[in-house]
Amino acid sequence: MANRRVHFNKGNSSKIALVFSCPGQKEFQAGRPVNGTTGSNLDILLEMLRERKLIGNFKSRYDFRITNAYSKVLFNNKDNRTEARLSEIYEKKNLDRLYAELRDITDAVICFGTRASKAIERLNKTETQKLNLKIIHSCHLGLSSLNRIKADKKGAEGTKERLERLADEIVIQWG
């Protein structure tokens, strides 16, 4: 399995890309990006975006372009961390890789988490790697990030309700 690209999935379309932070233990085990709770939450969110007519029909999350701000697998049991340092994300080689994976995207990039947003912002500060499309920012879809979303006025605070709020925020940013 030396040829696995756990940080990247080309998908079937070049309209929308989904950018996450970096692959972790679940991705390493599955051999592809966005697994575990994050993957399940992405499935729910994508269905909500389809219902809001923001995206068309799809069979699975792997119909979309998926990549990560950092391509190396990081997880606590192996690295004592689950996130890349900004200095690692900003390395020229890493930004070149990220740009190469996204340069043909035509409509939008949805950034899930601070590291993903920072990586795309850094690309857009350059003239040669600027992405001329919509950039949408969202929190990461892991439970530690989702659980920081405050309850709505009715007191709803479950994962589904938080994902509904994220879907609404993405639609607003999309314009």
# chains A, B, ... in the order shown; residues from 1 in each chain; ligands from 1
$ closest_atom_pairs --of "stretch 95-118 of chain A" --to "stretch 122-142 of chain A" --cutoff "6 Å" --atoms "only C-alpha atoms" --output "Markdown table"
| residue | atom | partner | partner_atom | distance |
| --- | --- | --- | --- | --- |
| A:Asp107 | CA | A:Leu133 | CA | 5.6 |
| A:Ala108 | CA | A:Lys134 | CA | 4.5 |
| A:Val109 | CA | A:Ile135 | CA | 5.1 |
| A:Ile110 | CA | A:Ile136 | CA | 4.6 |
| A:Cys111 | CA | A:His137 | CA | 4.9 |
| A:Phe112 | CA | A:His140 | CA | 4.4 |
| A:Gly113 | CA | A:His140 | CA | 4.1 |
$ write_last_selection --atoms "N, CA, C and O atoms" --output "JSON list (two decimals), in the first residue's frame"
[["chain", "number", "residue", "atom", "x", "y", "z"],
["A", 107, "ASP", "N", -15.55, 26.25, -9.31],
["A", 107, "ASP", "CA", -16.60, 26.98, -8.61],
["A", 107, "ASP", "C", -16.22, 27.44, -7.20],
["A", 107, "ASP", "O", -16.32, 28.61, -6.89],
["A", 108, "ALA", "N", -15.82, 26.49, -6.34],
["A", 108, "ALA", "CA", -15.59, 26.85, -4.94],
["A", 108, "ALA", "C", -14.69, 25.85, -4.23],
["A", 108, "ALA", "O", -14.63, 24.69, -4.61],
["A", 109, "VAL", "N", -14.04, 26.36, -3.21],
["A", 109, "VAL", "CA", -13.29, 25.54, -2.26],
["A", 109, "VAL", "C", -13.95, 25.77, -0.90],
["A", 109, "VAL", "O", -14.14, 26.91, -0.49],
["A", 110, "ILE", "N", -14.32, 24.68, -0.24],
["A", 110, "ILE", "CA", -14.85, 24.77, 1.11],
["A", 110, "ILE", "C", -13.75, 24.31, 2.06],
["A", 110, "ILE", "O", -13.28, 23.17, 1.97],
["A", 111, "CYS", "N", -13.32, 25.19, 2.94],
["A", 111, "CYS", "CA", -12.25, 24.93, 3.90],
["A", 111, "CYS", "C", -12.86, 24.49, 5.22],
["A", 111, "CYS", "O", -13.64, 25.24, 5.81],
["A", 112, "PHE", "N", -12.49, 23.33, 5.69],
["A", 112, "PHE", "CA", -12.99, 22.81, 6.96],
["A", 112, "PHE", "C", -11.88, 22.89, 8.00],
["A", 112, "PHE", "O", -11.00, 22.06, 8.05],
["A", 113, "GLY", "N", -11.94, 23.94, 8.81],
["A", 113, "GLY", "CA", -10.98, 24.12, 9.87],
["A", 113, "GLY", "C", -10.01, 25.26, 9.59],
["A", 113, "GLY", "O", -9.83, 25.69, 8.46]]
$ residues_around --residues "A:Asp104" --least-positions-apart "4" --cutoff "10 Å" --atoms "only C-alpha atoms" --output "number ranges by chain"
A: 13-17, 99-100, 131
$ closest_residue --among "A:Asp43, A:Glu169, A:Glu121, A:Asp79" --to "A:Asp63" --atoms "only C-alpha atoms"
A:Asp43
$ residues_around --residues "A:Phe28" --least-positions-apart "2" --cutoff "10 Å" --atoms "only C-alpha atoms" --output "NGL selection string"
:A and (4-7 or 23-26 or 30-35 or 72-75)
$ write_last_selection --atoms "N, CA, C and O atoms" --output "short mmCIF file (atom, residue, chain, number, x, y, z; two decimals), in the first residue's frame"
data_model
loop_
_atom_site.label_atom_id
_atom_site.label_comp_id
_atom_site.auth_asym_id
_atom_site.auth_seq_id
_atom_site.Cartn_x
_atom_site.Cartn_y
_atom_site.Cartn_z
N ARG A 4 -0.74 4.55 -1.64
CA ARG A 4 -1.96 5.18 -1.14
C ARG A 4 -1.77 6.69 -1.00
O ARG A 4 -0.72 7.14 -0.58
N ARG A 5 -2.80 7.43 -1.32
CA ARG A 5 -2.78 8.88 -1.13
C ARG A 5 -3.89 9.22 -0.16
O ARG A 5 -4.98 9.62 -0.55
N VAL A 6 -3.61 9.04 1.11
CA VAL A 6 -4.64 9.21 2.13
C VAL A 6 -5.04 10.66 2.32
O VAL A 6 -6.05 10.93 2.95
N HIS A 7 -4.30 11.59 1.75
CA HIS A 7 -4.63 13.00 1.89
C HIS A 7 -5.48 13.54 0.74
O HIS A 7 -5.99 14.65 0.81
N PRO A 23 -4.52 14.31 7.12
CA PRO A 23 -5.04 12.97 7.41
C PRO A 23 -4.58 12.50 8.79
O PRO A 23 -3.49 12.84 9.24
N GLY A 24 -5.43 11.73 9.43
CA GLY A 24 -5.12 11.18 10.74
C GLY A 24 -5.15 9.67 10.74
O GLY A 24 -5.07 9.03 9.68
N GLN A 25 -5.32 9.11 11.90
CA GLN A 25 -5.27 7.67 12.07
C GLN A 25 -6.37 6.95 11.29
O GLN A 25 -6.12 5.92 10.66
N LYS A 26 -7.57 7.48 11.30
CA LYS A 26 -8.69 6.85 10.58
C LYS A 26 -8.43 6.84 9.07
O LYS A 26 -8.73 5.87 8.39
N ALA A 30 -7.96 3.55 6.70
CA ALA A 30 -8.86 3.36 5.56
C ALA A 30 -8.16 3.50 4.21
O ALA A 30 -8.64 3.00 3.20
N GLY A 31 -7.03 4.21 4.19
CA GLY A 31 -6.31 4.41 2.94
C GLY A 31 -6.89 5.47 2.03
O GLY A 31 -6.61 5.51 0.84
N ARG A 32 -7.72 6.34 2.60
CA ARG A 32 -8.31 7.44 1.82
C ARG A 32 -8.71 8.56 2.77
O ARG A 32 -8.85 8.35 3.97
N PRO A 33 -8.95 9.77 2.23
CA PRO A 33 -9.22 10.92 3.10
C PRO A 33 -10.61 10.91 3.73
O PRO A 33 -11.53 10.27 3.21
N VAL A 34 -10.74 11.61 4.81
CA VAL A 34 -11.98 11.93 5.51
C VAL A 34 -12.76 10.67 5.90
O VAL A 34 -13.66 10.24 5.20
N ASN A 35 -12.40 10.12 7.04
CA ASN A 35 -13.05 8.93 7.56
C ASN A 35 -13.49 9.14 9.01
O ASN A 35 -13.33 10.22 9.55
N LYS A 72 0.84 14.91 5.10
CA LYS A 72 1.36 13.84 5.95
C LYS A 72 0.36 13.45 7.03
O LYS A 72 -0.31 14.29 7.61
N VAL A 73 0.31 12.16 7.31
CA VAL A 73 -0.57 11.63 8.34
C VAL A 73 -0.01 12.00 9.71
O VAL A 73 1.17 11.79 10.00
N LEU A 74 -0.87 12.56 10.56
CA LEU A 74 -0.50 12.90 11.93
C LEU A 74 -1.58 12.39 12.88
O LEU A 74 -2.76 12.60 12.64
N PHE A 75 -1.15 11.70 13.94
CA PHE A 75 -2.10 11.34 15.00
C PHE A 75 -1.35 11.15 16.31
O PHE A 75 -0.15 10.90 16.34
#
$ residues_around --residues "A:Glu157" --least-positions-apart "6" --cutoff "10 Å" --atoms "only C-alpha atoms" --output "list in words"
Leu146, Asn147, Arg148, Ile149, Lys150, Ala151 and Leu163 of chain A
$ write_last_selection --atoms "N, CA and C atoms" --output "compact mmCIF listing (two decimals), in the first residue's frame"
# COMPACT_ATOMS: atom_id res chain seq x y z
N LEU A 146 -17.17 20.76 16.25
CA LEU A 146 -18.62 20.93 16.18
C LEU A 146 -19.22 21.23 17.55
N ASN A 147 -18.70 20.61 18.57
CA ASN A 147 -19.27 20.80 19.91
C ASN A 147 -19.01 22.20 20.46
N ARG A 148 -18.19 22.99 19.80
CA ARG A 148 -17.97 24.38 20.21
C ARG A 148 -19.03 25.32 19.66
N ILE A 149 -19.84 24.83 18.74
CA ILE A 149 -20.92 25.64 18.19
C ILE A 149 -22.00 25.74 19.26
N LYS A 150 -22.35 26.95 19.60
CA LYS A 150 -23.32 27.18 20.66
C LYS A 150 -24.72 26.73 20.22
N ALA A 151 -25.51 26.40 21.19
CA ALA A 151 -26.88 25.99 20.93
C ALA A 151 -27.64 27.14 20.27
N LEU A 163 -24.73 20.78 12.44
CA LEU A 163 -24.45 20.65 11.01
C LEU A 163 -25.45 21.46 10.18
$ select_by_dssp --residues "chain A" --states "strand (DSSP E or B)" --output "list in words"
Asn9, Ile16, Ala17, Leu18, Val19, Phe20, Arg65, Ile66, Thr67, Asn68, Ala108, Val109, Ile110, Cys111, Phe112, Lys134, Ile135, Ile136, His137 and Ser138 of chain A
$ residues_around --residues "A:Asp168" --least-positions-apart "5" --cutoff "9 Å" --atoms "only C-alpha atoms" --output "NGL selection string"
:A and (48-49 or 52 or 163 or 173)
$ select_by_dssp --residues "stretch 2-174 of chain A" --states "helix (DSSP H, G or I)" --output "ChimeraX atom specification"
/A:25-30,36-51,61-63,76-79,86-89,92-102,114-124,143-146,159-174
$ atom_distance --atom1 "atom CA of A:Ser21" --atom2 "atom CA of A:Ser87"
13.5 Å
$ closest_residue --among "A:Leu143, A:Arg103, A:Asn94, A:Glu27" --to "A:Lys160" --atoms "only C-alpha atoms"
A:Leu143
$ closest_residue --among "A:Arg65, A:Arg50, A:Lys118, A:Lys92" --to "A:Leu18" --atoms "only C-alpha atoms"
A:Arg65
